[in-house]
>>> print(open('protein-v2.cif').read())   # mmCIF, C-alpha atoms
data_upload
loop_
_atom_site.label_atom_id
_atom_site.label_comp_id
_atom_site.auth_asym_id
_atom_site.auth_seq_id
_atom_site.Cartn_x
_atom_site.Cartn_y
_atom_site.Cartn_z
CA MET A 12 -81.95 42.07 -43.66
CA LEU A 13 -79.19 40.01 -42.15
CA VAL A 14 -81.69 37.83 -40.32
CA LEU A 15 -83.71 37.38 -43.51
CA MET A 16 -80.56 36.48 -45.46
CA ALA A 17 -79.64 33.96 -42.78
CA LEU A 18 -83.06 32.35 -42.92
CA LEU A 19 -82.88 32.15 -46.72
CA LEU A 20 -79.45 30.49 -46.55
CA ILE A 21 -80.72 27.97 -43.99
CA ILE A 22 -83.76 27.12 -46.19
CA ALA A 23 -81.55 26.87 -49.27
CA ASP A 24 -79.07 24.67 -47.45
CA LEU A 25 -81.82 22.31 -46.44
CA ASN A 26 -83.67 22.12 -49.77
CA TRP A 27 -81.10 22.90 -52.45
CA SER A 28 -78.51 20.16 -53.04
CA LYS A 29 -76.07 22.45 -54.84
CA MET A 30 -75.87 24.63 -51.76
CA ARG A 31 -73.58 22.04 -50.14
CA ASP A 32 -71.07 22.42 -53.00
CA THR A 33 -71.32 26.19 -52.64
CA ARG A 34 -70.63 25.88 -48.91
CA GLY A 35 -67.56 23.82 -49.71
CA TYR A 36 -66.21 26.51 -52.04
CA LEU A 37 -66.93 29.17 -49.43
CA SER A 38 -65.10 27.12 -46.80
CA LEU A 39 -62.13 26.84 -49.16
CA LEU A 40 -62.03 30.61 -49.54
CA ILE A 41 -62.33 31.16 -45.79
CA THR A 42 -59.61 28.62 -44.84
CA PRO A 43 -56.62 31.02 -45.35
CA LEU A 44 -58.43 33.59 -43.23
CA GLN A 45 -58.95 30.98 -40.50
CA TRP A 46 -55.30 30.09 -40.63
CA LEU A 47 -54.35 33.75 -40.44
CA VAL A 48 -56.65 34.28 -37.46
CA ASP A 49 -55.17 31.20 -35.75
CA VAL A 50 -51.55 32.34 -36.20
CA PRO A 51 -51.41 34.58 -33.07
CA GLY A 52 -52.82 31.78 -30.93
CA ARG A 53 -50.34 29.24 -32.23
CA VAL A 54 -47.44 31.69 -31.85
CA ALA A 55 -48.55 32.41 -28.30
CA ASP A 56 -48.73 28.68 -27.54
CA ASP A 57 -45.27 28.09 -29.02
CA LEU A 58 -43.79 31.00 -27.07
CA SER A 59 -45.46 29.76 -23.92
CA GLY A 60 -44.03 26.29 -24.52
CA VAL A 61 -40.57 27.74 -25.12
CA LEU A 62 -40.73 29.87 -21.97
CA VAL A 63 -42.05 27.00 -19.89
CA ASP A 64 -39.37 24.69 -21.27
CA ARG A 65 -36.64 27.28 -20.59
CA THR A 66 -37.89 27.86 -17.03
CA THR A 67 -38.08 24.12 -16.48
CA LEU A 68 -34.58 23.67 -17.87
CA LEU A 69 -33.23 26.45 -15.65
CA LYS A 70 -34.84 24.91 -12.58
CA GLU A 71 -33.56 21.48 -13.56
CA ASN A 72 -30.10 22.94 -14.12
CA GLU A 73 -30.11 24.56 -10.68
CA ARG A 74 -31.29 21.32 -9.10
CA LEU A 75 -28.56 19.33 -10.84
CA LYS A 76 -25.94 21.87 -9.77
CA SER A 77 -27.13 21.61 -6.17
CA GLU A 78 -27.05 17.82 -6.32
CA ALA A 79 -23.57 17.93 -7.87
CA LEU A 80 -22.34 20.18 -5.05
CA LEU A 81 -23.89 17.91 -2.45
CA LEU A 82 -22.31 14.86 -4.04
CA GLU A 83 -18.96 16.64 -4.23
CA ARG A 84 -19.23 17.54 -0.55
CA LYS A 85 -20.04 13.93 0.29
CA VAL A 86 -17.05 12.77 -1.75
CA GLN A 87 -14.83 15.25 0.10
CA GLN A 88 -16.22 14.03 3.42
CA ILE A 89 -15.57 10.44 2.40
CA ALA A 90 -12.00 11.36 1.46
CA ALA A 91 -11.54 13.16 4.78
CA LEU A 92 -13.03 10.22 6.69
CA THR A 93 -10.78 7.80 4.83
CA ALA A 94 -7.69 9.85 5.67
CA GLU A 95 -8.83 10.18 9.28
CA ASN A 96 -9.41 6.43 9.43
CA LEU A 97 -5.85 5.83 8.23
CA ARG A 98 -4.50 8.26 10.84
CA LEU A 99 -6.50 6.54 13.58
CA ARG A 100 -5.20 3.16 12.45
CA GLU A 101 -1.64 4.50 12.63
CA LEU A 102 -2.38 5.95 16.04
CA LEU A 103 -3.81 2.61 17.17
CA ASP A 104 -0.66 0.88 15.98
CA GLY A 105 1.34 3.43 17.95
CA LYS A 106 -0.83 2.77 21.00
CA GLU A 107 -0.07 -0.94 20.75
CA ARG A 108 3.64 -0.14 20.91
CA VAL A 109 3.25 2.03 24.02
CA LYS A 110 3.55 0.07 27.24
CA ASP A 111 2.27 2.81 29.57
CA GLU A 112 -1.37 3.75 30.12
CA VAL A 113 -2.55 6.12 27.41
CA MET A 114 -5.62 8.25 26.67
CA LEU A 115 -6.81 9.40 23.25
CA ALA A 116 -7.17 13.17 22.73
CA GLU A 117 -8.14 15.39 19.81
CA LEU A 118 -6.62 18.69 18.78
CA ILE A 119 -9.20 21.49 18.95
CA GLY A 120 -7.10 24.64 18.65
CA VAL A 121 -3.71 26.04 17.60
CA ASN A 122 -1.93 29.03 19.08
CA PRO A 123 -1.90 31.72 16.33
CA ASP A 124 1.40 33.16 17.58
CA PRO A 125 4.07 31.88 15.13
CA PHE A 126 6.70 32.00 17.90
CA LEU A 127 4.72 29.71 20.23
CA HIS A 128 4.34 26.11 19.12
CA GLN A 129 1.36 25.22 21.28
CA VAL A 130 -1.96 23.46 20.65
CA ILE A 131 -5.17 22.93 22.63
CA ILE A 132 -6.56 19.42 23.16
CA ASN A 133 -9.97 18.26 24.39
CA ARG A 134 -8.73 16.60 27.60
CA GLY A 135 -8.41 18.30 30.96
CA VAL A 136 -8.27 17.73 34.68
CA GLU A 137 -11.67 16.02 34.57
CA ASP A 138 -10.07 13.43 32.27
CA ARG A 139 -7.07 13.04 34.62
CA ALA A 140 -4.73 15.09 32.43
CA TYR A 141 -1.96 16.85 34.33
CA ILE A 142 0.88 19.30 33.79
CA GLY A 143 4.01 17.62 32.51
CA GLN A 144 2.13 14.71 30.88
CA ALA A 145 3.81 13.45 27.72
CA VAL A 146 1.88 13.73 24.45
CA LEU A 147 2.52 11.49 21.42
CA ASP A 148 1.18 10.84 17.95
CA ALA A 149 1.67 7.84 15.67
CA GLY A 150 5.20 8.99 14.79
CA GLY A 151 6.64 9.90 18.18
CA VAL A 152 6.78 12.57 20.87
CA ILE A 153 4.69 15.70 20.24
CA GLY A 154 5.39 17.57 23.47
CA GLN A 155 4.01 17.92 26.97
CA VAL A 156 1.03 19.42 28.77
CA VAL A 157 1.94 22.84 30.20
CA GLU A 158 -1.51 24.02 31.24
CA ALA A 159 -4.53 21.99 32.33
CA SER A 160 -8.03 23.33 32.89
CA HIS A 161 -11.16 21.35 33.65
CA TYR A 162 -11.95 20.15 30.13
CA THR A 163 -9.03 21.27 27.93
CA SER A 164 -5.25 21.35 28.10
CA ARG A 165 -2.49 23.30 26.43
CA VAL A 166 0.38 21.31 24.92
CA MET A 167 3.83 22.75 24.21
CA MET A 168 5.51 21.03 21.27
CA ILE A 169 9.12 19.88 21.29
CA THR A 170 9.94 22.43 18.55
CA ASP A 171 8.91 25.40 20.72
CA ALA A 172 11.91 27.62 21.38
CA ARG A 173 11.33 27.28 25.15
CA HIS A 174 11.14 23.49 25.17
CA ALA A 175 13.84 20.96 26.01
CA ILE A 176 13.67 17.17 26.18
CA PRO A 177 16.31 14.69 27.37
CA VAL A 178 17.12 12.22 24.58
CA GLU A 179 19.58 9.49 23.81
CA ILE A 180 20.88 8.02 20.57
CA ASN A 181 19.22 4.68 20.07
CA ARG A 182 22.32 3.22 18.40
CA ASN A 183 24.83 3.79 21.20
CA GLY A 184 22.95 5.27 24.17
CA LEU A 185 24.68 8.68 24.03
CA ARG A 186 22.60 11.17 26.04
CA ALA A 187 21.89 14.80 25.13
CA ILE A 188 19.32 17.56 25.44
CA ALA A 189 17.15 18.38 22.40
CA LEU A 190 16.08 22.03 22.19
CA GLY A 191 13.31 23.51 20.07
CA LYS A 192 14.26 26.16 17.50
CA GLY A 193 10.84 27.60 16.70
CA VAL A 194 10.40 25.69 13.41
CA TYR A 195 8.29 22.58 12.98
CA ASP A 196 10.81 20.45 11.13
CA GLU A 197 13.97 20.88 13.20
CA ILE A 198 15.34 20.60 16.72
CA GLU A 199 18.93 20.94 17.95
CA LEU A 200 21.08 18.93 20.33
CA GLU A 201 22.86 20.99 22.96
CA HIS A 202 26.44 20.52 24.18
CA VAL A 203 27.33 17.48 22.10
CA PRO A 204 31.11 16.93 22.35
CA ASP A 205 33.04 17.29 19.13
CA THR A 206 34.31 13.72 19.53
CA ALA A 207 30.88 12.20 20.20
CA ASP A 208 29.73 9.32 18.00
CA VAL A 209 26.78 10.98 16.26
CA ARG A 210 25.81 10.23 12.66
CA GLU A 211 23.18 11.36 10.24
CA GLY A 212 20.19 9.01 10.37
CA ASP A 213 20.59 8.19 14.08
CA LEU A 214 17.26 7.81 15.88
CA LEU A 215 16.82 9.92 18.99
CA ILE A 216 14.55 8.49 21.68
CA SER A 217 13.39 9.90 24.99
CA SER A 218 15.86 8.99 27.73
CA GLY A 219 13.39 9.18 30.61
CA LEU A 220 15.62 11.55 32.60
CA GLY A 221 13.76 14.35 34.37
CA GLY A 222 10.62 12.30 34.91
CA ARG A 223 8.50 14.08 32.28
CA PHE A 224 8.84 11.74 29.31
CA PRO A 225 8.88 7.95 29.74
CA ARG A 226 11.92 6.29 28.22
CA GLY A 227 12.04 4.82 24.74
CA TYR A 228 9.66 6.95 22.64
CA PRO A 229 10.92 8.17 19.23
CA VAL A 230 11.71 11.89 19.20
CA ALA A 231 13.69 12.77 16.07
CA VAL A 232 16.14 11.58 13.43
CA VAL A 233 19.54 13.26 13.09
CA THR A 234 19.72 15.21 9.84
CA GLY A 235 23.03 17.06 10.17
CA VAL A 236 26.28 16.95 12.15
CA ILE A 237 28.71 19.87 11.82
CA ARG A 238 32.07 19.57 13.56
CA ASP A 239 34.13 22.75 13.87
CA PRO A 240 37.72 22.24 15.08
CA GLY A 241 37.60 25.64 16.71
CA ARG A 242 34.57 24.79 18.86
CA PRO A 243 34.33 22.24 21.68
CA PHE A 244 30.81 21.16 20.71
CA SER A 245 29.31 19.87 17.48
CA LEU A 246 26.22 21.38 15.88
CA VAL A 247 23.69 18.54 15.61
CA THR A 248 20.26 19.06 14.05
CA ALA A 249 17.41 16.56 13.85
CA LYS A 250 13.94 16.28 12.35
CA PRO A 251 11.05 15.28 14.66
CA THR A 252 9.45 11.94 13.87
CA ALA A 253 6.01 13.21 14.93
CA ARG A 254 3.82 15.12 12.45
CA LEU A 255 3.70 18.25 14.54
CA ASP A 256 1.80 20.41 12.06
CA LYS A 257 -0.52 17.67 10.73
CA SER A 258 -1.61 15.32 13.53
CA ARG A 259 -5.14 15.80 14.85
CA HIS A 260 -5.46 12.79 17.16
CA LEU A 261 -2.94 12.45 19.97
CA LEU A 262 -2.11 10.16 22.88
CA LEU A 263 -1.64 11.31 26.46
CA VAL A 264 0.80 8.99 28.23
CA ARG A 265 0.47 8.30 31.94
CA GLY A 266 3.99 7.38 32.90
CA PRO A 267 5.61 6.70 36.26
CA ARG A 268 5.18 10.32 37.33
CA GLU A 269 2.56 10.69 40.06
CA VAL A 270 -0.50 12.77 39.25
CA PRO A 271 -0.86 15.68 41.71
CA GLN A 272 -3.76 15.26 44.10
CA GLU A 273 -4.76 18.90 43.69
CA PRO A 274 -4.31 19.87 40.05
CA PRO A 275 -3.20 23.46 39.49
CA ALA A 276 -5.88 25.97 38.52
CA ALA A 277 -6.51 26.81 34.90
CA GLY A 278 -4.12 29.39 33.47
CA VAL A 279 -1.12 28.37 35.58
CA ILE A 280 1.82 27.15 33.49
CA ASP A 281 4.48 24.98 35.03
CA GLU A 282 7.80 26.46 34.07
#
>>> encode(input="protein-v2.cif", output="structure tokens")
Amino acid sequence: MLVLMALLLIIADLNWSKMRDTRGYLSLLITPLQWLVDVPGRVADDLSGVLVDRTTLLKENERLKSEALLLERKVQQIAALTAENLRLRELLDGKERVKDEVMLAELIGVNPDPFLHQVIINRGVEDRAYIGQAVLDAGGVIGQVVEASHYTSRVMMITDARHAIPVEINRNGLRAIALGKGVYDEIELEHVPDTADVREGDLLISSGLGGRFPRGYPVAVVTGVIRDPGRPFSLVTAKPTARLDKSRHLLLVRGPREVPQEPPAAGVIDE
């Protein structure tokens, strides 16, 4: 019956002109049903587009975050390189002022013991470093090499409580011994007579006595002078000119002291 009805509709459509108008009315009635049937498909397409767009946005967001972090890291590296360049320029200026033979070194380690002001540098016996060699930065004297192995050396700073350096006041030539106190921003002059001509702001330079430190390198600036009538000696404190807790690039000075032909073995500290 369905096949017969279909054949009759086909014949009527071909031979009866009013059948086209009827088909138009039937299409008008069926249109809402077609829209209704198409709704799930369109909703699915919209949801798919939303999900795809959200996934794409999340991926794009992650990519932009990664790029932002990379750019931030590059900016930080540029800032670090700029600061390092300035420090190297200062060190180069300091090298120009040094008359003795010098060798550039880099700090690679710091002693974690707060009572030992010592650092490790990347120069050793193979680089002709030796025990007792003076170490400087752009500001002044850092300390001296106290232990030399094949490729690294240990440097004791002038603020170490066990360190002493002969100094003189640049203004009048008064000689004294500067002792470390175990803090990075202060050293103390030992046995300064109460009547000695010492003033705040005086520059202390290495006197060259003892043969460890060549003469004339800045050491510290006097920050305090306390005179007690009941004591024979004044209490004189000074602040090192070197950036002991900041400098990364250092200079090893080869002064008049002869380098030992047989360097001591690693681990031996010259007291």
>>> residues_around(input="protein-v2.cif", residues="range 255-262 of chain A", least_positions_apart="3", cutoff="10 Å", atoms="all atoms listed in the file", output="ChimeraX atom specification")
/A:95,98-99,102-103,105-106,109,112-121,128-130,132,145-154,168-170,195-196,251-252,265
>>> write_last_selection(input="protein-v2.cif", atoms="C-alpha atoms", output="tab-separated table (two decimals), in the frame of the given file")
chain	number	residue	atom	x	y	z
A	95	GLU	CA	-8.83	10.18	9.28
A	98	ARG	CA	-4.50	8.26	10.84
A	99	LEU	CA	-6.50	6.54	13.58
A	102	LEU	CA	-2.38	5.95	16.04
A	103	LEU	CA	-3.81	2.61	17.17
A	105	GLY	CA	1.34	3.43	17.95
A	106	LYS	CA	-0.83	2.77	21.00
A	109	VAL	CA	3.25	2.03	24.02
A	112	GLU	CA	-1.37	3.75	30.12
A	113	VAL	CA	-2.55	6.12	27.41
A	114	MET	CA	-5.62	8.25	26.67
A	115	LEU	CA	-6.81	9.40	23.25
A	116	ALA	CA	-7.17	13.17	22.73
A	117	GLU	CA	-8.14	15.39	19.81
A	118	LEU	CA	-6.62	18.69	18.78
A	119	ILE	CA	-9.20	21.49	18.95
A	120	GLY	CA	-7.10	24.64	18.65
A	121	VAL	CA	-3.71	26.04	17.60
A	128	HIS	CA	4.34	26.11	19.12
A	129	GLN	CA	1.36	25.22	21.28
A	130	VAL	CA	-1.96	23.46	20.65
A	132	ILE	CA	-6.56	19.42	23.16
A	145	ALA	CA	3.81	13.45	27.72
A	146	VAL	CA	1.88	13.73	24.45
A	147	LEU	CA	2.52	11.49	21.42
A	148	ASP	CA	1.18	10.84	17.95
A	149	ALA	CA	1.67	7.84	15.67
A	150	GLY	CA	5.20	8.99	14.79
A	151	GLY	CA	6.64	9.90	18.18
A	152	VAL	CA	6.78	12.57	20.87
A	153	ILE	CA	4.69	15.70	20.24
A	154	GLY	CA	5.39	17.57	23.47
A	168	MET	CA	5.51	21.03	21.27
A	169	ILE	CA	9.12	19.88	21.29
A	170	THR	CA	9.94	22.43	18.55
A	195	TYR	CA	8.29	22.58	12.98
A	196	ASP	CA	10.81	20.45	11.13
A	251	PRO	CA	11.05	15.28	14.66
A	252	THR	CA	9.45	11.94	13.87
A	265	ARG	CA	0.47	8.30	31.94
>>> residues_near_point(input="protein-v2.cif", point="(26.8, 5.4, 11.3)", cutoff="12 Å", atoms="all atoms listed in the file", output="PyMOL selection string")
chain A and resi 180-183+207-214+233+236
>>> write_last_selection(input="protein-v2.cif", atoms="C-alpha atoms", output="compact mmCIF listing (two decimals), in the frame of the given file")
# COMPACT_ATOMS: atom_id res chain seq x y z
CA ILE A 180 20.88 8.02 20.57
CA ASN A 181 19.22 4.68 20.07
CA ARG A 182 22.32 3.22 18.40
CA ASN A 183 24.83 3.79 21.20
CA ALA A 207 30.88 12.20 20.20
CA ASP A 208 29.73 9.32 18.00
CA VAL A 209 26.78 10.98 16.26
CA ARG A 210 25.81 10.23 12.66
CA GLU A 211 23.18 11.36 10.24
CA GLY A 212 20.19 9.01 10.37
CA ASP A 213 20.59 8.19 14.08
CA LEU A 214 17.26 7.81 15.88
CA VAL A 233 19.54 13.26 13.09
CA VAL A 236 26.28 16.95 12.15
>>> closest_atom_pairs(input="protein-v2.cif", of="range 112-152 of chain A", to="range 218-223 of chain A", cutoff="10 Å", atoms="only C-alpha atoms", output="Markdown table")
| residue | atom | partner | partner_atom | distance |
| --- | --- | --- | --- | --- |
| A:Ile142 | CA | A:Arg223 | CA | 9.4 |
| A:Gly143 | CA | A:Arg223 | CA | 5.7 |
| A:Gln144 | CA | A:Arg223 | CA | 6.6 |
| A:Ala145 | CA | A:Arg223 | CA | 6.6 |
>>> write_last_selection(input="protein-v2.cif", atoms="C-alpha atoms", output="PDB file, in the coordinates of the input")
ATOM      1  CA  ILE A 142       0.880  19.300  33.790  1.00  0.00           C
ATOM      2  CA  GLY A 143       4.010  17.620  32.510  1.00  0.00           C
ATOM      3  CA  GLN A 144       2.130  14.710  30.880  1.00  0.00           C
ATOM      4  CA  ALA A 145       3.810  13.450  27.720  1.00  0.00           C
TER       5      ALA A 145
END
>>> resolve_selection(input="protein-v2.cif", expression="the PyMOL selection byres ((chain A and resi 159) around 7)", output="ChimeraX atom specification")
/A:135-136,140-142,157-158,160-161,163-165,277
>>> resolve_selection(input="protein-v2.cif", expression="the PyMOL selection byres ((chain A and resi 238-243) around 9)", output="mmCIF file with C-alpha atoms, in the coordinates of the input")
data_model
loop_
_atom_site.group_PDB
_atom_site.id
_atom_site.type_symbol
_atom_site.label_atom_id
_atom_site.label_comp_id
_atom_site.auth_asym_id
_atom_site.auth_seq_id
_atom_site.Cartn_x
_atom_site.Cartn_y
_atom_site.Cartn_z
ATOM 1 C CA HIS A 202 26.440 20.520 24.180
ATOM 2 C CA VAL A 203 27.330 17.480 22.100
ATOM 3 C CA PRO A 204 31.110 16.930 22.350
ATOM 4 C CA ASP A 205 33.040 17.290 19.130
ATOM 5 C CA THR A 206 34.310 13.720 19.530
ATOM 6 C CA VAL A 236 26.280 16.950 12.150
ATOM 7 C CA ILE A 237 28.710 19.870 11.820
ATOM 8 C CA PHE A 244 30.810 21.160 20.710
ATOM 9 C CA SER A 245 29.310 19.870 17.480
ATOM 10 C CA LEU A 246 26.220 21.380 15.880
ATOM 11 C CA VAL A 247 23.690 18.540 15.610
#
>>> atom_distance(input="protein-v2.cif", atom1="CA of Gly227 in chain A", atom2="CA of Gly193 in chain A")
24.2 Å
>>> atom_distance(input="protein-v2.cif", atom1="CA of Pro229 in chain A", atom2="CA of Ala253 in chain A")
8.2 Å
>>> resolve_selection(input="protein-v2.cif", expression="the PyMOL selection byres ((chain A and resi 249) around 8)", output="PyMOL selection string")
chain A and resi 197-200+231-235+247-248+250-251
>>> atom_distance(input="protein-v2.cif", atom1="CA of Ile131 in chain A", atom2="CA of Val166 in chain A")
6.2 Å
